[in-house]
file final.cif (mmCIF, C-alpha atoms)
data_run
loop_
_atom_site.label_atom_id
_atom_site.label_comp_id
_atom_site.auth_asym_id
_atom_site.auth_seq_id
_atom_site.Cartn_x
_atom_site.Cartn_y
_atom_site.Cartn_z
CA MET A 225 -28.71 46.02 2.16
CA GLN A 226 -25.08 46.47 3.20
CA SER A 227 -25.47 44.03 6.10
CA ARG A 228 -27.14 41.47 3.84
CA ARG A 229 -24.24 41.61 1.38
CA LEU A 230 -21.81 41.17 4.24
CA LEU A 231 -23.74 38.15 5.50
CA ILE A 232 -23.73 36.57 2.03
CA LEU A 233 -19.99 37.19 1.76
CA LEU A 234 -19.31 35.60 5.14
CA VAL A 235 -21.40 32.55 4.26
CA ALA A 236 -19.56 32.17 0.95
CA VAL A 237 -16.16 32.42 2.63
CA GLY A 238 -17.24 29.92 5.28
CA MET A 239 -18.35 27.42 2.65
CA ALA A 240 -15.06 27.82 0.80
CA LEU A 241 -13.04 27.25 3.95
CA THR A 242 -15.14 24.22 4.84
CA GLY A 243 -14.44 22.75 1.44
CA LEU A 244 -10.73 23.29 1.90
CA THR A 245 -10.54 21.74 5.35
CA SER A 246 -12.73 18.74 4.51
CA ALA A 247 -10.83 17.77 1.36
CA SER A 248 -9.12 14.42 1.73
CA PRO A 249 -5.31 14.48 1.62
CA PRO A 250 -3.69 12.61 -1.28
CA VAL A 251 -3.13 8.91 -0.72
CA PRO A 252 0.62 8.31 -0.16
CA SER A 253 2.41 6.26 -2.78
CA GLY A 254 5.97 5.12 -3.33
CA GLU A 255 9.16 4.47 -1.41
CA ARG A 256 11.06 7.23 0.33
CA ASP A 257 14.67 7.34 1.52
CA LEU A 258 15.52 8.42 5.05
CA GLY A 259 19.16 7.94 5.96
CA GLN A 260 20.04 4.29 5.43
CA THR A 261 16.39 3.20 5.40
CA VAL A 262 13.43 3.04 3.03
CA ILE A 263 9.89 3.91 4.14
CA GLU A 264 6.74 2.92 2.26
CA PRO A 265 3.01 2.95 3.00
CA GLY A 266 0.80 -0.05 3.73
CA TYR A 267 -2.52 -0.97 5.32
CA ASP A 268 -3.29 -2.44 8.75
CA VAL A 269 -5.22 -5.69 8.11
CA ARG A 270 -7.52 -5.09 11.07
CA SER A 271 -8.73 -1.59 10.24
CA GLY A 272 -7.67 -0.82 6.69
CA ASN A 273 -5.94 2.30 8.01
CA LEU A 274 -2.67 3.48 6.53
CA ILE A 275 0.57 2.53 8.27
CA TYR A 276 4.21 3.02 7.28
CA ILE A 277 6.94 0.38 7.26
CA MET A 278 10.64 1.21 7.42
CA THR A 279 13.28 -1.28 6.24
CA PRO A 280 17.08 -0.97 6.19
CA THR A 281 18.48 -0.11 2.77
CA GLY A 282 19.95 -3.16 1.06
CA ALA A 283 19.17 -5.44 4.01
CA ARG A 284 19.45 -9.13 3.24
CA SER A 285 16.81 -11.63 4.19
CA PRO A 286 17.58 -12.98 7.68
CA SER A 287 18.53 -16.65 7.30
CA HIS A 288 18.07 -17.75 10.91
CA ALA A 289 14.86 -15.98 11.88
CA ASP A 290 12.63 -17.73 14.40
CA VAL A 291 9.61 -19.03 12.45
CA HIS A 292 7.36 -18.01 15.35
CA ALA A 293 8.55 -14.41 15.01
CA ILE A 294 7.74 -14.12 11.29
CA SER A 295 4.43 -12.74 10.07
CA PRO A 296 2.99 -12.41 6.57
CA LEU A 297 3.26 -9.19 4.62
CA TYR A 298 0.73 -9.47 1.80
CA ILE A 299 1.41 -7.73 -1.49
CA VAL A 300 -1.90 -7.43 -3.34
CA VAL A 301 -1.37 -6.78 -7.06
CA TYR A 302 -3.83 -4.99 -9.36
CA PRO A 303 -4.04 -4.94 -13.18
CA ASN A 304 -4.38 -1.78 -15.24
CA SER A 305 -8.04 -2.59 -15.83
CA ALA A 306 -8.75 -1.91 -12.13
CA ALA A 307 -7.17 1.56 -12.06
CA ASN A 308 -10.40 3.54 -11.88
CA SER A 309 -11.84 1.27 -9.19
CA VAL A 310 -8.89 1.01 -6.81
CA GLY A 311 -7.20 4.39 -7.29
CA THR A 312 -3.76 5.21 -5.89
CA MET A 313 -1.60 2.27 -4.87
CA ASN A 314 1.02 1.98 -2.13
CA CYS A 315 3.37 1.26 -5.02
CA ALA A 316 2.57 2.32 -8.58
CA HIS A 317 3.85 0.31 -11.55
CA ASP A 318 2.18 1.87 -14.59
CA GLY A 319 3.88 5.01 -15.85
CA GLY A 320 7.02 4.54 -13.74
CA ASP A 321 7.59 2.23 -10.79
CA ASN A 322 7.93 4.23 -7.57
CA CYS A 323 9.02 1.19 -5.51
CA PRO A 324 12.04 0.27 -7.63
CA ASP A 325 13.64 -2.22 -5.23
CA HIS A 326 10.77 -4.71 -5.58
CA GLY A 327 8.03 -3.32 -7.82
CA PRO A 328 9.39 -4.45 -11.21
CA GLY A 329 9.82 -8.02 -9.94
CA ILE A 330 6.27 -8.09 -8.56
CA SER A 331 4.93 -6.77 -11.86
CA ASP A 332 6.84 -9.36 -13.89
CA LEU A 333 5.59 -12.14 -11.60
CA ALA A 334 1.96 -11.11 -12.02
CA GLN A 335 2.19 -10.88 -15.81
CA THR A 336 3.94 -14.22 -16.07
CA VAL A 337 1.70 -16.21 -13.71
CA VAL A 338 -1.71 -14.75 -14.64
CA PRO A 339 -1.36 -13.19 -18.12
CA GLY A 340 -5.14 -13.28 -18.62
CA VAL A 341 -5.54 -10.71 -15.85
CA TYR A 342 -2.25 -8.78 -15.90
CA GLY A 343 -1.23 -9.15 -19.55
CA ASN A 344 -2.25 -5.58 -20.41
CA GLY A 345 -0.16 -4.11 -17.63
CA VAL A 346 0.08 -3.90 -13.85
CA TRP A 347 -1.40 -0.81 -12.20
CA GLY A 348 0.33 -1.28 -8.84
CA HIS A 349 0.25 -3.09 -5.52
CA ASP A 350 -0.57 -2.53 -1.86
CA HIS A 351 1.07 -3.86 1.32
CA ILE A 352 -1.25 -5.41 3.91
CA MET A 353 0.08 -6.40 7.32
CA ASP A 354 -0.81 -6.62 10.98
CA GLY A 355 -0.17 -3.29 12.68
CA PRO A 356 0.93 -2.59 16.26
CA GLY A 357 -1.26 -4.41 18.78
CA GLY A 358 -2.26 -7.13 16.32
CA ASP A 359 -1.79 -10.84 16.96
CA GLU A 360 0.65 -11.14 14.07
CA PHE A 361 2.54 -7.91 14.53
CA ASN A 362 6.30 -8.50 14.31
CA VAL A 363 9.46 -6.91 12.96
CA THR A 364 10.23 -9.82 10.64
CA TRP A 365 7.97 -10.33 7.65
CA ASN A 366 7.55 -13.02 5.00
CA VAL A 367 6.45 -11.53 1.67
CA VAL A 368 3.31 -13.22 0.29
CA VAL A 369 2.08 -12.10 -3.14
CA VAL A 370 -1.68 -12.05 -3.79
CA LEU A 371 -2.80 -12.32 -7.43
CA PHE A 372 -6.35 -12.11 -8.77
CA THR A 373 -7.77 -14.88 -10.93
CA ASN A 374 -10.14 -12.61 -12.87
CA ALA A 375 -10.27 -8.94 -13.80
CA ALA A 376 -13.70 -8.35 -12.22
CA ALA A 377 -12.50 -9.38 -8.76
CA ALA A 378 -9.52 -7.04 -9.08
CA ASN A 379 -11.91 -4.08 -9.04
CA THR A 380 -12.29 -4.63 -5.28
CA HIS A 381 -9.72 -2.62 -3.31
CA VAL A 382 -8.57 -5.05 -0.62
CA THR A 383 -7.19 -3.34 2.49
CA THR A 384 -8.35 -5.59 5.37
CA GLU A 385 -8.02 -9.22 6.41
CA THR A 386 -11.78 -9.69 6.03
CA GLN A 387 -11.67 -8.55 2.42
CA LEU A 388 -8.57 -10.62 1.72
CA ASP A 389 -10.13 -13.77 3.16
CA ALA A 390 -13.27 -13.14 1.10
CA VAL A 391 -11.49 -13.01 -2.28
CA LEU A 392 -9.29 -16.00 -1.39
CA ASP A 393 -12.22 -18.12 -0.19
CA ALA A 394 -14.20 -17.29 -3.33
CA GLY A 395 -11.34 -18.37 -5.58
CA ASP A 396 -11.01 -14.82 -6.91
CA ALA A 397 -7.39 -14.64 -5.80
CA PHE A 398 -4.57 -16.89 -4.63
CA THR A 399 -1.30 -16.45 -2.76
CA ILE A 400 2.32 -17.10 -3.62
CA GLU A 401 4.56 -17.38 -0.57
CA THR A 402 7.97 -16.08 -1.54
CA PRO A 403 11.30 -16.89 0.13
CA THR A 404 11.78 -13.18 0.83
CA ILE A 405 11.94 -12.28 4.52
CA ILE A 406 12.54 -8.70 5.60
CA HIS A 407 13.00 -6.73 8.79
CA GLY A 408 10.57 -3.84 9.03
CA ASN A 409 9.53 -1.41 11.75
CA ILE A 410 6.35 0.66 11.83
CA VAL A 411 7.01 4.42 11.81
CA SER A 412 4.88 7.56 11.76
CA SER A 413 3.39 9.35 8.77
CA ALA A 414 5.58 12.30 9.76
CA ALA A 415 8.70 10.19 9.17
CA TYR A 416 7.38 9.26 5.73
CA ARG A 417 6.73 12.90 4.85
CA ARG A 418 10.24 13.92 5.96
CA ALA A 419 11.86 11.30 3.74
CA ALA A 420 12.90 11.92 0.14
CA PRO A 421 10.87 10.23 -2.66
CA VAL A 422 12.90 7.73 -4.66
CA LEU A 423 13.21 8.16 -8.41
CA PRO A 424 10.75 5.95 -10.33
CA VAL A 425 12.09 3.43 -12.82
CA GLN A 426 10.53 2.36 -16.10
#
call {"tool": "encode", "arguments": {"input": "final.cif", "output": "structure tokens"}}
result
Amino acid sequence: MQSRRLLILLVAVGMALTGLTSASPPVPSGERDLGQTVIEPGYDVRSGNLIYIMTPTGARSPSHADVHAISPLYIVVYPNSAANSVGTMNCAHDGGDNCPDHGPGISDLAQTVVPGVYGNGVWGHDHIMDGPGGDEFNVTWNVVVVLFTNAAAANTHVTTETQLDAVLDAGDAFTIETPTIIHGNIVSSAAYRRAAPVLPVQ
């Protein structure tokens, strides 16, 4: 009887430990300061895996960048109605914007251009870009905003080029190429974790 109780206890402890180790870590969200730089999460268009982009604080758009050395950085914007479907965003807008150097402007753009989708609020946005080894991987990026044309389509969490092409080809989303060009390097998740979260703005 004693050995059976011990076996049951060991099994229970093992199941508990398995649950702890298999739990998914929280999805990173928001900008973080590290020295004179800002780090924020994004997605690699080829795999949908998380990557981290670091930009100099207060850096101006380069005015003489070689057009062949500029790649698109897509900012896919989601309305509040999609919150339960898409979950945590690279940058949250609702309840306090945790990417204050560009989030409020992105939110205003979405609500102004497509009020039928974003009029009740903007949940957040993700960054989608070509990661290291990709054909369009660079250190200079042109910001391209992606807005949905209907609320139903916004329930799809777009993290890859295949998904992005699908919603664009179906007319469920469209792009706005902005004049904003930034320098950004890919860094490790460890660098992101070391950095200090910025204060959200309302």
call {"tool": "residues_around", "arguments": {"input": "final.cif", "residues": "stretch 408-415 of chain A", "least_positions_apart": "6", "cutoff": "10 Å", "atoms": "all atoms listed in the file", "output": "PDB file with C-alpha atoms, in the coordinates of the input"}}
result
ATOM      1  CA  PRO A 252       0.620   8.310  -0.160  1.00  0.00           C
ATOM      2  CA  ARG A 256      11.060   7.230   0.330  1.00  0.00           C
ATOM      3  CA  LEU A 258      15.520   8.420   5.050  1.00  0.00           C
ATOM      4  CA  THR A 261      16.390   3.200   5.400  1.00  0.00           C
ATOM      5  CA  VAL A 262      13.430   3.040   3.030  1.00  0.00           C
ATOM      6  CA  ILE A 263       9.890   3.910   4.140  1.00  0.00           C
ATOM      7  CA  GLU A 264       6.740   2.920   2.260  1.00  0.00           C
ATOM      8  CA  PRO A 265       3.010   2.950   3.000  1.00  0.00           C
ATOM      9  CA  GLY A 266       0.800  -0.050   3.730  1.00  0.00           C
ATOM     10  CA  LEU A 274      -2.670   3.480   6.530  1.00  0.00           C
ATOM     11  CA  ILE A 275       0.570   2.530   8.270  1.00  0.00           C
ATOM     12  CA  TYR A 276       4.210   3.020   7.280  1.00  0.00           C
ATOM     13  CA  ILE A 277       6.940   0.380   7.260  1.00  0.00           C
ATOM     14  CA  MET A 278      10.640   1.210   7.420  1.00  0.00           C
ATOM     15  CA  THR A 279      13.280  -1.280   6.240  1.00  0.00           C
ATOM     16  CA  PRO A 280      17.080  -0.970   6.190  1.00  0.00           C
ATOM     17  CA  GLY A 355      -0.170  -3.290  12.680  1.00  0.00           C
ATOM     18  CA  PRO A 356       0.930  -2.590  16.260  1.00  0.00           C
ATOM     19  CA  PHE A 361       2.540  -7.910  14.530  1.00  0.00           C
ATOM     20  CA  ASN A 362       6.300  -8.500  14.310  1.00  0.00           C
ATOM     21  CA  VAL A 363       9.460  -6.910  12.960  1.00  0.00           C
ATOM     22  CA  THR A 364      10.230  -9.820  10.640  1.00  0.00           C
ATOM     23  CA  TRP A 365       7.970 -10.330   7.650  1.00  0.00           C
TER      24      TRP A 365
END
call {"tool": "resolve_selection", "arguments": {"input": "final.cif", "expression": "the PyMOL selection byres ((chain A and resi 394-404) around 7)", "output": "PDB file with C-alpha atoms, in the coordinates of the input"}}
result
ATOM      1  CA  SER A 285      16.810 -11.630   4.190  1.00  0.00           C
ATOM      2  CA  ASN A 366       7.550 -13.020   5.000  1.00  0.00           C
ATOM      3  CA  VAL A 367       6.450 -11.530   1.670  1.00  0.00           C
ATOM      4  CA  VAL A 368       3.310 -13.220   0.290  1.00  0.00           C
ATOM      5  CA  VAL A 369       2.080 -12.100  -3.140  1.00  0.00           C
ATOM      6  CA  VAL A 370      -1.680 -12.050  -3.790  1.00  0.00           C
ATOM      7  CA  LEU A 371      -2.800 -12.320  -7.430  1.00  0.00           C
ATOM      8  CA  PHE A 372      -6.350 -12.110  -8.770  1.00  0.00           C
ATOM      9  CA  THR A 373      -7.770 -14.880 -10.930  1.00  0.00           C
ATOM     10  CA  ASN A 374     -10.140 -12.610 -12.870  1.00  0.00           C
ATOM     11  CA  ALA A 377     -12.500  -9.380  -8.760  1.00  0.00           C
ATOM     12  CA  ALA A 390     -13.270 -13.140   1.100  1.00  0.00           C
ATOM     13  CA  VAL A 391     -11.490 -13.010  -2.280  1.00  0.00           C
ATOM     14  CA  LEU A 392      -9.290 -16.000  -1.390  1.00  0.00           C
ATOM     15  CA  ASP A 393     -12.220 -18.120  -0.190  1.00  0.00           C
ATOM     16  CA  ILE A 405      11.940 -12.280   4.520  1.00  0.00           C
ATOM     17  CA  ILE A 406      12.540  -8.700   5.600  1.00  0.00           C
TER      18      ILE A 406
END
call {"tool": "closest_residue", "arguments": {"input": "final.cif", "among": "A:Ser295, A:Gln260, A:Gln335, A:Thr383", "to": "A:Asn314", "atoms": "all atoms listed in the file"}}
result
A:Thr383
call {"tool": "atom_distance", "arguments": {"input": "final.cif", "atom1": "atom CA of A:Asn379", "atom2": "atom CA of A:Pro303"}}
result
8.9 Å
call {"tool": "resolve_selection", "arguments": {"input": "final.cif", "expression": "the PyMOL selection byres ((chain A and resi 422) around 9)", "output": "list of chain:residue names"}}
result
A:Gly254, A:Glu255, A:Arg256, A:Asp257, A:Asn322, A:Cys323, A:Pro324, A:Ala420, A:Pro421, A:Leu423, A:Pro424
call {"tool": "closest_residue", "arguments": {"input": "final.cif", "among": "A:Gln387, A:Ser331, A:Ser253, A:Thr336", "to": "A:Cys315", "atoms": "all atoms listed in the file"}}
result
A:Ser253
call {"tool": "closest_residue", "arguments": {"input": "final.cif", "among": "A:Met313, A:Ala306, A:Val382, A:Val346", "to": "A:Pro328", "atoms": "all atoms listed in the file"}}
result
A:Val346
call {"tool": "closest_residue", "arguments": {"input": "final.cif", "among": "A:Asp325, A:Asp350, A:Asp332, A:Asp318", "to": "A:Leu388", "atoms": "all atoms listed in the file"}}
result
A:Asp350
call {"tool": "residues_around", "arguments": {"input": "final.cif", "residues": "A:Asp354", "least_positions_apart": "3", "cutoff": "10 Å", "atoms": "all atoms listed in the file", "output": "list in words"}}
result
Gly266, Tyr267, Asp268, Val269, Arg270, Ser271, Gly272, Ile275, Ser295, Pro296, Leu297, Tyr298, Gly357, Gly358, Asp359, Glu360, Phe361, Asn362, Thr384 and Glu385 of chain A
call {"tool": "atom_distance", "arguments": {"input": "final.cif", "atom1": "atom CA of A:Ile330", "atom2": "atom CA of A:Asn304"}}
result
14.1 Å
call {"tool": "closest_residue", "arguments": {"input": "final.cif", "among": "A:Pro249, A:Gly348, A:Pro339, A:Gly282", "to": "A:Asp321", "atoms": "all atoms listed in the file"}}
result
A:Gly348
call {"tool": "closest_residue", "arguments": {"input": "final.cif", "among": "A:Asn308, A:Thr380, A:Gly329, A:Gly259", "to": "A:Thr281", "atoms": "all atoms listed in the file"}}
result
A:Gly259
call {"tool": "atom_distance", "arguments": {"input": "final.cif", "atom1": "atom CA of A:Val341", "atom2": "atom CA of A:Pro250"}}
result
27.6 Å
call {"tool": "axis_aligned_box", "arguments": {"input": "final.cif", "around": "stretch 335-353 of chain A", "padding_each_side": "4 Å", "output": "lines of an AutoDock Vina configuration file"}}
result
center_x = -0.8
center_y = -8.5
center_z = -6.5
size_x = 17.5
size_y = 23.4
size_z = 35.7
